[in-house]
Amino acid sequence: MVVLDVRDVVVRFGSRTVLDRVRLTVDRHEIVALQGPSGSGKSTLLRVIAGLLPPDGGTVHLDGRDVTPLPPHRRGIGLVFQDDQLFPHLDVEANVAFGLRMQRVPAAERRRRVDELLELVGLDGFGSRSVTSLSGGEAKRIALARSLAPAPPLLLLDEPLTGLDAALHDRLAADLGRVLRATGTTALMVTHDGAEAVAIADRVVTLDDLTPGGR
Amino acid sequence: MDPDRPSLTRLPAGIALPVAARVALVVVPSSFLAVFYVWPFLGLVAEVVDGSAIADTFGRPGLGRVMWFTCWQAVLSTAATLVVGLGPAYLVARWEFPGRRLLTALLTVPFLLPTVVVGAAFIALLPDALETSAVAIVIAHVFFNVAVVVRVVGGVWSQLPADLVAAARVLGAGPWRATREVTLPLLRPALVAAGSIAFLFTFTSFGVVQILGGPTRVTIEVEIARRATQLGDVSGAAVLSLVQLALLAVVVGVTVRTQRRASVSIGLHAQASPRPRTRRTRLAVGAAAVTVAALVVAPLAALALSSVRPGGRWSLTAWRTFGDGPARPGADLGVDAIGAVVASLRAAALATALAVAIGTLAALAVSSARRGGRLLDVGSMLPLGTSAVTIGFGMLITFDRAPVDWRGEPWLVAVGHALVAVPFVVRAILPVLRARPVGWREAAATLGASPLRAWWEIDVRLLRRPVLVGACFATAVSLGEFGATTFLSRTGHETLPVVIARLLGRAGDVPRAQASALAVVLAAVTTIVLVGVELLDRPTDGGGGGRARRS
């Protein structure tokens with residue numbers, strides 16, 4: 001069953017066409033890696049899907065519904081940012097609970113869910129830590145937990161493992177695959193690293209594959 | 001001090017300045033501050049200790065009203081400034097559009113204008129019914145201090161990653177919710193900082209309140225001047241000066257503590273702002289920019305207009321009678337406009353020379369001396385934390401008996417101005433001195449320069465630009481200085497702000513047009529000087545650390 005259906009999305013920055021009639025579908029429980037060199041427009045596509053960037057043409061369907069006119073907070077799509085973007089004024093628990101709070105989940109239920117997610121990403125007991133005290137790897141895990149907390153129907157990941165040293169990268173890549181599968185998350189991951197794409201994803205695509213006539 | 005940046009005090013003996021030179025650097029500015037700041041301050045204290053002045057002052061009715069008005073107008077002005085300032089701060093911090101830098105500069109202009117110019121501008125702009133009212137005072141204060149919000153809050157805002165808000169949005173927060181839950185908490189330290197600066201300025205505001213307040217709306221600052229100059233109640237004024245100083249100290253203490261608690265450590269760095277992409281956002285950004293610019297320009301345009309429209313008719317009388325002579329037969333203004341311009345320029349020249357000399361020596365001393373330097377660092381900033389009225393008043397009552405009976409000396413005004421301006425000069429120079437790599441002096445030493453020679457070749461030469469920036473600030477401060485000048489200026493040597501305020505106090509269209517014309521001249525001269533700062537300040541990022549104004 002198709003969760004995400006991107007139809008003929010066009011994005012232009014001035015005279016430059018970054019995305020040219022891009023088409024992509026992602027099935028439920030599928031993990032798709034979008035691979036390509038940096039600056040090729042992969043992140044732009046994620047922002048269009050998340051609703052952070054209105055496309056110049058085309059539509060985005062989520063669970064069969066056209067969400068193109070919806071603002072990001074009405075789409076319910078999760079996004080893990082390349083540089084985490086943890087809220088520095090909130091502790092780890094409040095960061096992970098943020099999306100639940102927006103959904104008006106009761107406090108007790110929120111706490112249970114946060115504990116569950118911290119355990120899932122291997123950081124149980126980190127709840128009261130300040131996010132500025134986290135290491136690079138820990139911050140990534142918290143960013144993942146925060147995006148997974150509201151159980152989004154689709155999770156977008158923008159270069160989730162960039163900027164980590166080699167050993168940490170491999171361990172985190174394995175963990176990421178495990179967590180996504182354990183939660184049955186439908187995911188679209190952007191990466192420039194082919195090995196990483198193959199290690200985590202069910203299917204690897206490039207922007208050329210998604211653009212009619214290639215590029 | 002930054003441990004990675006060795007100060008000159010820790011240099012090996014062969015590279016550090018000789019002790020005698022360091023002492024000499026400390027002594028000159030310290031003496032200046034001691035004579036013209038510390039001594040008058042002690043004079044104020046002595047005046048209070050002298051008798052039953054405290055009981056007398058507080059026993060008199062009306063004081064409660066003055067304190068109450070001072071506080072609530074400051075709170076209201078500050079709150080209004082923060083609310084009004086957020087819009088333009090957001091605009092110039094978060095959007096890239098043609099003319100953005102120009103708009104930012106334009107928004108800074110009001111903050112640097114002389115207080116009497118702003119007072120005169122709002123007299124010209126506001127309808128007669130509002131002319132002397134609390135509303136007028138608050139509006140003028142907002143006009144003045146919005147620049148603080150734009151610079152301080154906008155500065156942080158432009159460095160907040162846009163994706164932090166995006167992260168909140170994809171987690172289900174609407175635009176308003178994301179602002180409330182993410183943007184505002186992260187801006188809080190900046191808001192507190194901007195708010196406390198605005199509060200300090202509006203709490204001690206003198207020129208604006210004097211001109212727009214009328215006889216019934218009196219702040220502590222205005223009351224000090226009234227008692228000292230009109231009622232001859234010197235000890236009462238002294239008591240109020242110290243009360244105000246104590247209140248200010250409390251405010252500063254509280255804000256410093258709040259600041260410490262509110263601060264969130266986030267690694268901030270410059271972010272690229274988006275250009276508006278869609279037609280709608282382009283229109284919105286454009287309309288907002290034009291509106292903001294119009295709001296800033298309106299009072300100044302009204303001021304210029306009122307100088308050529310006395311009583312609602314076009315007339316160049318104010319400009320034609322600029323020099324001398326009666327405005328119309330039998331109605332002598334009793335004001336020597338050209339004389340005031342000359343007096344202002346003369347005071348500014350002397351004050352600038354003094355402030356630059358003292359400020360430069362102080363900055364050099366602070367950066368190269370040991371303990372005395374640190375004390376001087378704080379000492380040279382003190383005049384900034386003291387209201388200008390208190391400074392002028394202290395000098396007035398101290399230098400009134402032989403052998404220091406200097407009240408009749410025209411240079412005393414310039415000394416007062418210099419005192420107010422020294423912190424600006426120090427702040428312009430010190431960052432440059434502190435940022436210079438110690439390696440340069442070491443390199444000079446290995447190339448055969450003696451410590452004194454290395455100091456001359458490196459430090460002194462580095463200073464040319466920041467000293468010029470400091471000089472421009474000092475000139476602008478002196479030209480607009482009103483609080484201290486009220487006490488120190490002598491008949492026949494009145495500066496422009498004093499004359500403008502006097503003219504505004506008169507009834508009739510002619511004096512008012514004349515005041516507007518003079519205010520236009522003062523604004524123009526000040527602007528020219530500050531454009532100099534902008535031009536000089538660009539390439540090195542060190543200067544202009546102390547953009548602030550005195551009333």
# chains A, B, ... in the order shown; residues from 1 in each chain; ligands from 1
call {"tool": "closest_atom_pairs", "arguments": {"of": "chain B", "to": "chain A", "cutoff": "10 Å", "atoms": "only C-alpha atoms", "output": "CSV"}}
result
residue,atom,partner,partner_atom,distance
B:Pro161,CA,A:Gln85,CA,8.0
B:Ala162,CA,A:Gln85,CA,9.4
B:Asp163,CA,A:Gln85,CA,6.5
B:Leu164,CA,A:Gln85,CA,5.3
B:Val165,CA,A:Gln85,CA,8.8
B:Ala166,CA,A:Leu52,CA,6.9
B:Ala167,CA,A:Gln85,CA,6.7
B:Ala168,CA,A:Gly99,CA,7.8
B:Arg169,CA,A:His73,CA,4.9
B:Val170,CA,A:His73,CA,5.1
B:Leu171,CA,A:Gly99,CA,4.6
B:Gly172,CA,A:His73,CA,3.9
B:Ala173,CA,A:His73,CA,5.4
B:Gly174,CA,A:His73,CA,5.7
B:Pro175,CA,A:His73,CA,8.4
B:Arg177,CA,A:Met102,CA,8.8
B:Ala178,CA,A:His73,CA,9.7
B:Glu181,CA,A:Phe98,CA,9.5
B:Val182,CA,A:Phe87,CA,7.2
B:Thr183,CA,A:Phe87,CA,9.8
B:Pro185,CA,A:His89,CA,7.0
B:Leu186,CA,A:His89,CA,6.6
B:Ala262,CA,A:His89,CA,9.5
B:Ser263,CA,A:His89,CA,9.0
B:Val264,CA,A:His89,CA,6.0
B:Ser265,CA,A:Pro88,CA,7.4
B:Ile266,CA,A:Pro88,CA,6.3
B:Gly267,CA,A:Thr132,CA,9.0
B:Arg277,CA,A:Phe13,CA,8.3
B:Thr278,CA,A:Pro54,CA,9.0
call {"tool": "residues_around", "arguments": {"residues": "A:Leu117", "least_positions_apart": "3", "cutoff": "10 Å", "atoms": "only C-alpha atoms", "output": "list in words"}}
result
Val96, Ala97, Arg111, Arg112, Arg113, Val114, Leu120, Val121, Gly122, Leu123, Asp124, Arg141, Ile142, Leu144, Ala145, Arg146, Leu148, Ala149 and Val179 of chain A
call {"tool": "write_last_selection", "arguments": {"atoms": "N, CA, C and O atoms", "output": "compact mmCIF listing (two decimals), in the first residue's frame"}}
result
# COMPACT_ATOMS: atom_id res chain seq x y z
N VAL A 96 11.96 15.19 23.27
CA VAL A 96 11.31 13.99 22.73
C VAL A 96 9.79 14.12 22.87
O VAL A 96 9.03 13.66 22.01
N ALA A 97 9.35 14.78 23.93
CA ALA A 97 7.91 14.88 24.18
C ALA A 97 7.24 15.98 23.37
O ALA A 97 6.01 16.09 23.37
N ARG A 111 5.08 10.66 29.27
CA ARG A 111 6.28 10.20 29.96
C ARG A 111 6.59 8.75 29.62
O ARG A 111 7.73 8.38 29.38
N ARG A 112 5.53 7.94 29.57
CA ARG A 112 5.71 6.53 29.25
C ARG A 112 6.34 6.37 27.87
O ARG A 112 7.28 5.64 27.66
N ARG A 113 5.78 7.15 26.93
CA ARG A 113 6.23 7.06 25.54
C ARG A 113 7.69 7.55 25.41
O ARG A 113 8.48 6.96 24.68
N VAL A 114 8.03 8.61 26.14
CA VAL A 114 9.40 9.13 26.08
C VAL A 114 10.37 8.07 26.60
O VAL A 114 11.40 7.79 25.97
N LEU A 120 14.55 2.62 23.36
CA LEU A 120 14.68 2.12 21.99
C LEU A 120 15.97 2.62 21.33
O LEU A 120 16.65 1.88 20.63
N VAL A 121 16.32 3.90 21.56
CA VAL A 121 17.53 4.43 20.94
C VAL A 121 18.76 4.24 21.83
O VAL A 121 19.83 4.75 21.55
N GLY A 122 18.55 3.49 22.96
CA GLY A 122 19.69 3.14 23.81
C GLY A 122 20.16 4.25 24.71
O GLY A 122 21.33 4.30 25.09
N LEU A 123 19.28 5.18 25.06
CA LEU A 123 19.70 6.29 25.93
C LEU A 123 18.75 6.42 27.12
O LEU A 123 18.41 7.54 27.52
N ASP A 124 18.30 5.28 27.69
CA ASP A 124 17.39 5.40 28.81
C ASP A 124 18.08 6.10 29.97
O ASP A 124 19.29 5.94 30.18
N ARG A 141 20.67 10.29 18.14
CA ARG A 141 19.70 9.33 18.66
C ARG A 141 18.48 10.06 19.24
O ARG A 141 17.35 9.63 19.06
N ILE A 142 18.74 11.17 19.94
CA ILE A 142 17.63 11.93 20.52
C ILE A 142 16.78 12.55 19.41
O ILE A 142 15.55 12.56 19.47
N LEU A 144 16.34 11.34 16.52
CA LEU A 144 15.54 10.23 15.96
C LEU A 144 14.36 9.92 16.88
O LEU A 144 13.21 9.79 16.43
N ALA A 145 14.64 9.85 18.17
CA ALA A 145 13.57 9.55 19.14
C ALA A 145 12.49 10.62 19.09
O ALA A 145 11.29 10.32 19.15
N ARG A 146 12.91 11.87 18.98
CA ARG A 146 11.94 12.97 18.95
C ARG A 146 11.01 12.85 17.74
O ARG A 146 9.80 13.05 17.85
N LEU A 148 10.32 10.11 16.10
CA LEU A 148 9.53 8.88 16.14
C LEU A 148 8.41 8.95 17.17
O LEU A 148 7.42 8.23 17.07
N ALA A 149 8.56 9.82 18.17
CA ALA A 149 7.63 9.84 19.30
C ALA A 149 6.16 9.96 18.87
O ALA A 149 5.32 9.21 19.36
N VAL A 179 16.05 0.28 14.59
CA VAL A 179 14.97 1.05 15.20
C VAL A 179 13.84 1.25 14.20
O VAL A 179 12.66 1.10 14.53
call {"tool": "select_by_dssp", "arguments": {"residues": "stretch 448-547 of chain B", "states": "alpha helix (DSSP H)", "output": "ChimeraX atom specification"}}
result
/B:451-454,461-462,464-480,483-488,496-504,509-537
call {"tool": "residues_around", "arguments": {"residues": "B:Phe424", "least_positions_apart": "3", "cutoff": "7 Å", "atoms": "only C-alpha atoms", "output": "compact mmCIF listing (two decimals) with C-alpha atoms, in the first residue's frame"}}
result
# COMPACT_ATOMS: atom_id res chain seq x y z
CA ALA B 421 31.80 60.35 25.71
CA ARG B 427 34.53 50.70 23.81
CA ALA B 428 35.50 51.56 20.25
CA GLY B 470 35.54 56.81 18.83
CA PHE B 473 30.94 58.95 18.54
CA ALA B 474 32.36 61.53 20.94
CA GLY B 546 29.27 50.92 22.59
call {"tool": "residues_around", "arguments": {"residues": "A:Leu24", "least_positions_apart": "4", "cutoff": "7 Å", "atoms": "only C-alpha atoms", "output": "list in words"}}
result
Asp5, Val6, Arg7 and Leu210 of chain A
call {"tool": "write_last_selection", "arguments": {"atoms": "N, CA, C and O atoms", "output": "mmCIF file, in the first residue's frame"}}
result
data_model
loop_
_atom_site.group_PDB
_atom_site.id
_atom_site.type_symbol
_atom_site.label_atom_id
_atom_site.label_comp_id
_atom_site.auth_asym_id
_atom_site.auth_seq_id
_atom_site.Cartn_x
_atom_site.Cartn_y
_atom_site.Cartn_z
ATOM 1 N N ASP A 5 3.165 9.481 -2.108
ATOM 2 C CA ASP A 5 3.101 9.532 -3.567
ATOM 3 C C ASP A 5 3.442 10.955 -4.011
ATOM 4 O O ASP A 5 2.653 11.875 -3.826
ATOM 5 N N VAL A 6 4.648 11.107 -4.536
ATOM 6 C CA VAL A 6 5.102 12.415 -5.015
ATOM 7 C C VAL A 6 4.865 12.458 -6.517
ATOM 8 O O VAL A 6 5.348 11.588 -7.245
ATOM 9 N N ARG A 7 4.095 13.456 -6.970
ATOM 10 C CA ARG A 7 3.730 13.487 -8.392
ATOM 11 C C ARG A 7 4.232 14.771 -9.066
ATOM 12 O O ARG A 7 3.772 15.858 -8.739
ATOM 13 N N LEU A 210 14.164 9.340 -10.553
ATOM 14 C CA LEU A 210 12.845 9.889 -10.253
ATOM 15 C C LEU A 210 12.426 10.969 -11.238
ATOM 16 O O LEU A 210 11.308 11.445 -11.202
#
call {"tool": "closest_residue", "arguments": {"among": "B:Val222, B:Ile500, B:Ala288, B:Leu106", "to": "B:Gly87", "atoms": "only C-alpha atoms"}}
result
B:Ala288
call {"tool": "closest_residue", "arguments": {"among": "B:Ile123, B:Asp377, B:Gly385, B:Ile224", "to": "B:Ala246", "atoms": "only C-alpha atoms"}}
result
B:Gly385
call {"tool": "residues_around", "arguments": {"residues": "stretch 195-202 of chain A", "least_positions_apart": "2", "cutoff": "6 Å", "atoms": "only C-alpha atoms", "output": "list in words"}}
result
Ile31, Val32, Ala33, Gly177 and Asp193 of chain A
call {"tool": "write_last_selection", "arguments": {"atoms": "N, CA, C and O atoms", "output": "PDB file, in the first residue's frame"}}
result
ATOM      1  N   ILE A  31      11.592   1.147   3.573  1.00  0.00           N
ATOM      2  CA  ILE A  31      12.632   2.137   3.832  1.00  0.00           C
ATOM      3  C   ILE A  31      13.348   2.403   2.518  1.00  0.00           C
ATOM      4  O   ILE A  31      13.973   1.505   1.952  1.00  0.00           O
ATOM      5  N   VAL A  32      13.192   3.644   2.032  1.00  0.00           N
ATOM      6  CA  VAL A  32      13.788   4.008   0.756  1.00  0.00           C
ATOM      7  C   VAL A  32      14.930   4.981   0.990  1.00  0.00           C
ATOM      8  O   VAL A  32      14.793   5.920   1.776  1.00  0.00           O
ATOM      9  N   ALA A  33      16.058   4.724   0.346  1.00  0.00           N
ATOM     10  CA  ALA A  33      17.173   5.663   0.435  1.00  0.00           C
ATOM     11  C   ALA A  33      17.261   6.428  -0.870  1.00  0.00           C
ATOM     12  O   ALA A  33      17.224   5.834  -1.948  1.00  0.00           O
ATOM     13  N   GLY A 177      18.787   1.281  11.337  1.00  0.00           N
ATOM     14  CA  GLY A 177      18.026   0.273  10.617  1.00  0.00           C
ATOM     15  C   GLY A 177      17.172  -0.546  11.569  1.00  0.00           C
ATOM     16  O   GLY A 177      15.979  -0.784  11.316  1.00  0.00           O
ATOM     17  N   ASP A 193      25.941   8.670   0.814  1.00  0.00           N
ATOM     18  CA  ASP A 193      26.822   7.538   1.064  1.00  0.00           C
ATOM     19  C   ASP A 193      26.143   6.247   0.589  1.00  0.00           C
ATOM     20  O   ASP A 193      25.180   5.777   1.187  1.00  0.00           O
TER      21      ASP A 193
END
call {"tool": "residues_around", "arguments": {"residues": "B:Val296", "least_positions_apart": "2", "cutoff": "12 Å", "atoms": "only C-alpha atoms", "output": "PyMOL selection string"}}
result
chain B and resi 85+88+103-111+118+121-122+125+139-140+142-147+289-294+298-302
call {"tool": "closest_residue", "arguments": {"among": "B:Gly392, B:Pro410, B:Gly213, B:Gly448", "to": "B:Leu504", "atoms": "only C-alpha atoms"}}
result
B:Gly213
